[in-house]
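*Asks:* As input, take final.cif (mmCIF, C-alpha atoms):
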data_input
#
loop_
_atom_site.label_atom_id
_atom_site.label_comp_id
_atom_site.auth_asym_id
_atom_site.auth_seq_id
_atom_site.Cartn_x
_atom_site.Cartn_y
_atom_site.Cartn_z
CA MET H 15 16.71 -42.45 -15.12
CA ASN H 16 19.03 -42.43 -12.14
CA THR H 17 17.53 -44.95 -9.70
CA HIS H 18 19.81 -43.73 -6.96
CA ASP H 19 18.40 -40.19 -7.26
CA SER H 20 14.82 -41.41 -7.58
CA GLY H 21 15.03 -43.15 -4.23
CA ARG H 22 16.44 -40.13 -2.44
CA GLN H 23 14.05 -38.40 -0.05
CA ASN H 24 13.22 -34.78 -0.71
CA THR H 25 14.43 -32.92 2.35
CA THR H 26 13.89 -29.43 0.96
CA ALA H 27 11.56 -27.44 3.21
CA PRO H 28 8.49 -25.86 1.59
CA TRP H 29 9.17 -22.28 0.49
CA ASN H 30 6.24 -21.02 2.56
CA LYS H 31 7.02 -22.90 5.77
CA GLY H 32 6.48 -20.56 8.69
CA LYS H 33 5.40 -17.71 6.44
CA VAL H 34 2.05 -15.95 6.07
CA VAL H 35 0.94 -16.41 2.47
CA GLY H 36 -1.99 -15.09 0.46
CA GLN H 37 -3.36 -11.58 0.26
CA LYS H 38 -2.14 -9.12 2.84
CA ALA H 39 -4.90 -7.81 5.09
CA PRO H 40 -6.06 -4.21 4.74
CA LEU H 41 -5.64 -2.00 7.78
CA LYS H 42 -8.62 -1.10 9.95
CA LEU H 43 -9.45 2.50 10.77
CA LYS H 44 -8.37 2.07 14.38
CA ASP H 45 -5.03 0.69 13.18
CA ILE H 46 -4.49 3.61 10.81
CA TRP H 47 -5.13 6.11 13.59
CA ALA H 48 -2.93 4.24 16.03
CA ILE H 49 -0.03 4.38 13.57
CA ARG H 50 -0.74 7.97 12.56
CA VAL H 51 -0.86 9.27 16.14
CA ARG H 52 2.38 7.45 16.99
CA LEU H 53 4.17 8.97 14.01
CA GLN H 54 2.83 12.44 14.84
CA MET H 55 3.87 12.24 18.50
CA GLN H 56 7.34 11.03 17.58
CA HIS H 57 7.74 13.71 14.88
CA ARG H 58 8.46 11.11 12.20
CA THR H 59 7.57 13.52 9.42
CA ARG H 60 8.85 11.45 6.49
CA GLU H 61 6.99 8.33 7.59
CA LEU H 62 3.78 10.25 8.25
CA ALA H 63 3.89 11.60 4.70
CA LEU H 64 4.56 8.10 3.38
CA LEU H 65 1.66 6.64 5.38
CA ASN H 66 -0.92 9.25 4.43
CA LEU H 67 0.06 9.42 0.77
CA GLY H 68 0.29 5.64 0.52
CA LEU H 69 -3.26 5.26 1.84
CA ASP H 70 -4.73 8.04 -0.31
CA SER H 71 -2.98 7.14 -3.56
CA LYS H 72 -3.72 3.41 -3.46
CA LEU H 73 -0.61 3.01 -5.61
CA ARG H 74 1.50 -0.11 -5.89
CA GLY H 75 4.69 0.18 -3.89
CA CYS H 76 6.86 0.56 -6.99
CA ASP H 77 4.80 3.58 -8.11
CA LEU H 78 4.57 5.20 -4.69
CA VAL H 79 8.31 5.16 -3.99
CA ALA H 80 9.06 6.57 -7.45
CA LEU H 81 6.90 9.70 -7.00
CA ARG H 82 8.66 13.00 -7.54
CA VAL H 83 7.71 16.25 -5.87
CA ARG H 84 6.30 17.62 -9.15
CA ASP H 85 3.88 14.65 -9.33
CA VAL H 86 1.98 15.89 -6.29
CA CYS H 87 2.55 19.64 -6.44
CA HIS H 88 1.07 22.55 -8.38
CA GLY H 89 3.72 25.19 -7.97
CA ASP H 90 4.39 25.48 -4.25
CA ALA H 91 1.07 23.95 -3.24
CA ILE H 92 0.27 20.28 -2.76
CA ALA H 93 -2.37 19.23 -5.29
CA SER H 94 -5.73 17.84 -4.19
CA ARG H 95 -5.56 15.35 -7.08
CA ALA H 96 -2.69 13.81 -8.98
CA ILE H 97 -2.15 11.46 -11.90
CA VAL H 98 0.72 9.06 -12.54
CA VAL H 99 1.51 6.40 -15.12
CA GLN H 100 1.59 2.95 -13.55
CA HIS H 101 4.84 1.04 -13.94
CA LYS H 102 3.09 -2.34 -14.23
CA THR H 103 0.44 -1.50 -16.83
CA GLY H 104 1.70 1.69 -18.46
CA ASN H 105 -1.75 3.19 -17.92
CA PRO H 106 -2.41 6.45 -16.05
CA VAL H 107 -4.27 6.43 -12.77
CA GLN H 108 -5.63 9.35 -10.78
CA PHE H 109 -5.83 9.68 -7.03
CA GLU H 110 -6.97 12.15 -4.42
CA ILE H 111 -4.72 13.75 -1.82
CA THR H 112 -6.78 14.59 1.25
CA ALA H 113 -6.06 17.48 3.60
CA ALA H 114 -4.22 15.27 6.11
CA ALA H 115 -1.96 13.91 3.40
CA ARG H 116 -1.37 17.37 1.91
CA ASP H 117 -0.32 18.70 5.30
CA ALA H 118 2.01 15.76 5.95
CA VAL H 119 3.58 15.82 2.47
CA GLY H 120 3.97 19.60 2.58
CA ALA H 121 5.70 19.41 5.97
CA TRP H 122 8.06 16.71 4.68
CA ILE H 123 8.95 18.64 1.51
CA LYS H 124 9.72 21.74 3.58
CA MET H 125 11.77 19.84 6.17
CA ALA H 126 13.78 17.94 3.55
CA GLY H 127 14.21 20.99 1.32
CA LEU H 128 12.96 19.08 -1.73
CA ARG H 129 12.54 20.58 -5.19
CA GLY H 130 10.29 19.70 -8.10
CA ASP H 131 12.54 17.12 -9.76
CA ASP H 132 13.52 15.44 -6.50
CA TYR H 133 12.11 12.09 -5.54
CA LEU H 134 9.58 12.58 -2.79
CA PHE H 135 11.05 9.74 -0.74
CA LYS H 136 14.77 9.67 -1.39
CA SER H 137 16.73 6.58 -0.45
CA ARG H 138 19.08 6.76 2.50
CA THR H 139 21.41 4.29 0.81
CA ARG H 140 23.50 4.62 -2.34
CA THR H 141 21.91 1.66 -4.10
CA SER H 142 18.86 3.60 -5.31
CA PRO H 143 17.95 7.26 -5.84
CA HIS H 144 14.62 6.72 -4.11
CA LEU H 145 13.18 4.55 -1.38
CA GLY H 146 13.12 0.91 -2.52
CA THR H 147 10.08 -1.32 -2.39
CA ARG H 148 11.81 -3.62 0.10
CA GLN H 149 12.63 -0.67 2.32
CA TYR H 150 9.01 0.45 2.05
CA ALA H 151 7.83 -3.03 3.02
CA ARG H 152 10.10 -3.03 6.08
CA ILE H 153 8.70 0.35 7.13
CA VAL H 154 5.12 -0.95 6.85
CA HIS H 155 6.02 -4.06 8.86
CA GLY H 156 7.52 -1.81 11.50
CA TRP H 157 4.39 0.30 11.74
CA VAL H 158 2.05 -2.60 12.33
CA GLU H 159 4.39 -4.30 14.78
CA GLU H 160 4.64 -1.08 16.81
CA ILE H 161 0.88 -1.16 17.42
CA GLY H 162 0.90 -4.85 18.34
CA LEU H 163 -0.08 -6.51 15.07
CA GLU H 164 1.72 -9.35 13.29
CA GLY H 165 4.08 -7.64 10.86
CA HIS H 166 4.17 -10.38 8.25
CA ALA H 167 0.36 -10.44 7.99
CA TYR H 168 0.58 -6.98 6.42
CA GLY H 169 2.59 -5.46 3.61
CA THR H 170 2.69 -2.75 0.98
CA HIS H 171 -0.45 -4.19 -0.62
CA SER H 172 -2.21 -3.64 2.72
CA MET H 173 -1.63 0.06 2.12
CA ARG H 174 -2.98 -0.22 -1.43
CA ARG H 175 -6.03 -2.24 -0.40
CA THR H 176 -7.03 -0.33 2.74
CA LYS H 177 -8.88 2.68 1.35
CA ALA H 178 -10.16 0.73 -1.66
CA THR H 179 -11.71 -1.83 0.69
CA LEU H 180 -13.29 0.86 2.86
CA ILE H 181 -14.73 2.59 -0.20
CA TYR H 182 -16.22 -0.64 -1.51
CA ARG H 183 -17.75 -1.57 1.85
CA LYS H 184 -19.33 1.88 2.11
CA THR H 185 -20.60 2.26 -1.47
CA LYS H 186 -20.57 -1.23 -3.06
CA ASN H 187 -19.44 0.64 -6.19
CA LEU H 188 -17.06 -1.86 -7.75
CA ARG H 189 -16.51 0.20 -10.90
CA ALA H 190 -15.33 3.19 -8.85
CA VAL H 191 -12.86 1.01 -6.96
CA GLN H 192 -11.63 -0.46 -10.25
CA LEU H 193 -10.85 3.02 -11.55
CA LEU H 194 -9.15 4.07 -8.33
CA LEU H 195 -6.90 1.01 -8.36
CA GLY H 196 -6.14 1.39 -12.06
CA HIS H 197 -7.25 -2.14 -12.90
CA THR H 198 -8.03 -2.82 -16.56
CA LYS H 199 -10.46 -5.65 -15.76
CA LEU H 200 -13.26 -5.70 -13.23
CA GLU H 201 -12.42 -9.32 -12.45
CA SER H 202 -9.00 -8.20 -11.23
CA THR H 203 -10.64 -5.86 -8.72
CA VAL H 204 -12.96 -8.60 -7.50
CA ARG H 205 -10.04 -10.96 -6.92
CA TYR H 206 -7.85 -8.26 -5.41
CA LEU H 207 -10.38 -7.23 -2.78
CA GLY H 208 -11.71 -10.75 -2.22
CA ILE H 209 -15.18 -9.24 -2.19
CA GLU H 210 -17.07 -12.25 -3.51
CA VAL H 211 -16.22 -14.21 -0.37
CA GLU H 212 -16.78 -11.20 1.89
CA ASP H 213 -20.18 -10.42 0.35
CA ALA H 214 -21.22 -14.07 0.47
CA LEU H 215 -20.41 -14.23 4.19
CA ASP H 216 -22.31 -11.00 4.85
CA ILE H 217 -25.39 -12.42 3.11
CA ALA H 218 -25.06 -15.71 4.98
CA GLU H 219 -24.80 -13.95 8.34
CA GLN H 220 -27.99 -12.01 7.62
CA THR H 221 -29.92 -15.13 6.63
CA GLU H 222 -31.55 -17.00 9.50
CA ILE H 223 -32.99 -20.48 9.21
#
Can you give me the file's structure in the form of C-alpha cells?
*Replies:*
Amino acid sequence: MNTHDSGRQNTTAPWNKGKVVGQKAPLKLKDIWAIRVRLQMQHRTRELALLNLGLDSKLRGCDLVALRVRDVCHGDAIASRAIVVQHKTGNPVQFEITAAARDAVGAWIKMAGLRGDDYLFKSRTRTSPHLGTRQYARIVHGWVEEIGLEGHAYGTHSMRRTKATLIYRKTKNLRAVQLLLGHTKLESTVRYLGIEVEDALDIAEQTEI
C-alpha cells in the first residue's frame, strides 16, 4: 500500500454537487397549458407536436425521438392509437393520441413535408438522423424555464410521468398505469410514480388525532 497516497486528501467534488438528483417531477396541468399556449402563440409547430405527443405517448425519450411518421399515421390520417416496440425492453406498448396531439402532429407533418418513412422529429444536426435524447432534454428544460420553473428539476421523464401520474391520481388503477408505461413488473410502476409515499401522505393528511 502506498502510504503517501493513503494520506492524501480526497479533493474530488461529489458528482451531484449543485445538481438536482432523484426522480424528475411530473408537470402540473397549469404548467402544461402554460407551455402549450406559449408554443401555440409563437407558432412553434414542431415543439407543440413534440409536447403533445410526448405527454400522450408516455414513451421514454429514446422511443419518442425515434418515432417515424408511419408509426402514428394510418394513410394520411393521424391514428387515435399507436403501438411501438420499446427500445429498453423489446416489448410493444400502446398509447393513445388525443385530438390535440393529432392536430399538432398533423400540422407539423404538413409543414415539414414529411413522408411515411421519415422520422417524425428529424435532427437539425448531422450527428443523428432524428432528434437526440439530449436535444429533447434541452427542449424540455427550455419549456419549463420559459414559464418560470427550475429547468433542472424537470426532464424527459417528467413528460413520461405526467399523464401516468394524473391517471393514477384520478383512478387509482395501478394495473392500467403499468400497461400504459409498458412496465413488466407492477413494482416498477410503484417505484416510478413514487405512489406509496404519495398515498401514505394523503392518508396521513386525512387522519386527525
*Asks:* Rounded to one decimal, what separation in Å do you get between CA of Ala118 in chain H and CA of Asn66 in chain H?
*Replies:* 7.3 Å
*Asks:* What does the structure give for the distance between CA of Ala80 in chain H and CA of Ala93 in chain H, in Å to one decimal?
*Replies:*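 Distance reported for this atom pair: 17.2 Å.
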*Asks:* Selection in question (the file shown): the PyMOL selection byres ((chain H and resi 170) around 12). Which residues does it include, as a ChimeraX atom specification?
*Replies:* /H:37-41,64-65,68-69,72-79,146-158,165-169,171-176
*Asks:* Could you spell out the hits of the PyMOL selection byres ((chain H and resi 100) around 9) on the shown file, as a list of chain:residue names?
*Replies:* H:Leu73, H:Arg74, H:Cys76, H:Asp77, H:Val98, H:Val99, H:His101, H:Lys102, H:Thr103, H:Gly104, H:Asn105, H:Pro106, H:Val107, H:Gly196
*Asks:* Please compute the CA of Ile123 in chain H-CA of Lys136 in chain H distance, one decimal, in Å.
*Replies:*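 Those two atoms sit 11.1 Å apart.
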*Asks:* Just want the 12 Å neighbourhood of Ser202 in chain H, counted on only C-alpha atoms, with same-chain residues fewer than 4 positions away dropped. Output as a list in words.
*Replies:*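 Within the cut-off, the hits are Leu188, Arg189, Val191, Gln192, Leu193, Leu195, Gly196, His197, Thr198, Tyr206, Leu207, Gly208, Ile209 and Glu210 of chain H.
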*Asks:* Here's the selection I'm unsure about, the PyMOL selection byres ((chain H and resi 87-89) around 12); applied to the file above, which residues does it give, as a list of chain:residue names?
*Replies:*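 Residues picked by the PyMOL selection byres ((chain H and resi 87-89) around 12): H:Leu81, H:Arg82, H:Val83, H:Arg84, H:Asp85, H:Val86, H:Asp90, H:Ala91, H:Ile92, H:Ala93, H:Ser94, H:Arg95, H:Ala96, H:Ile97, H:Ile111, H:Arg116, H:Val119, H:Gly120, H:Ile123, H:Leu128, H:Arg129, H:Gly130, H:Asp131, H:Asp132, H:Leu134.
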*Asks:* Smallest atom-to-atom distance to Ser71 in chain H: which of H:Lys199, H:Lys177, H:Arg52, H:Lys186, using only C-alpha atoms?
*Replies:*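 That would be H:Lys177, the residue with the smallest distance to Ser71 in chain H.
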*Asks:* Return the single residue from H:Lys184, H:Arg50, H:Lys44, H:His57 that is closest to Ala121 in chain H, with distances computed using all atoms listed in the file.
*Replies:* H:His57
*Asks:* To box range 73-84 of chain H, take all atoms listed in the file, fit an axis-aligned box, add 4 Å on each side, and give centre and edge lengths in Å to one decimal, as AutoDock Vina command-line options.
*Replies:*
--center_x 4.2 --center_y 8.8 --center_z -6.5 --size_x 17.7 --size_y 25.7 --size_z 13.3
*Asks:* Return the single residue from H:Glu159, H:Glu201, H:Glu61, H:Glu219 that is closest to Leu145 in chain H, with distances computed using only C-alpha atoms.
*Replies:* H:Glu61
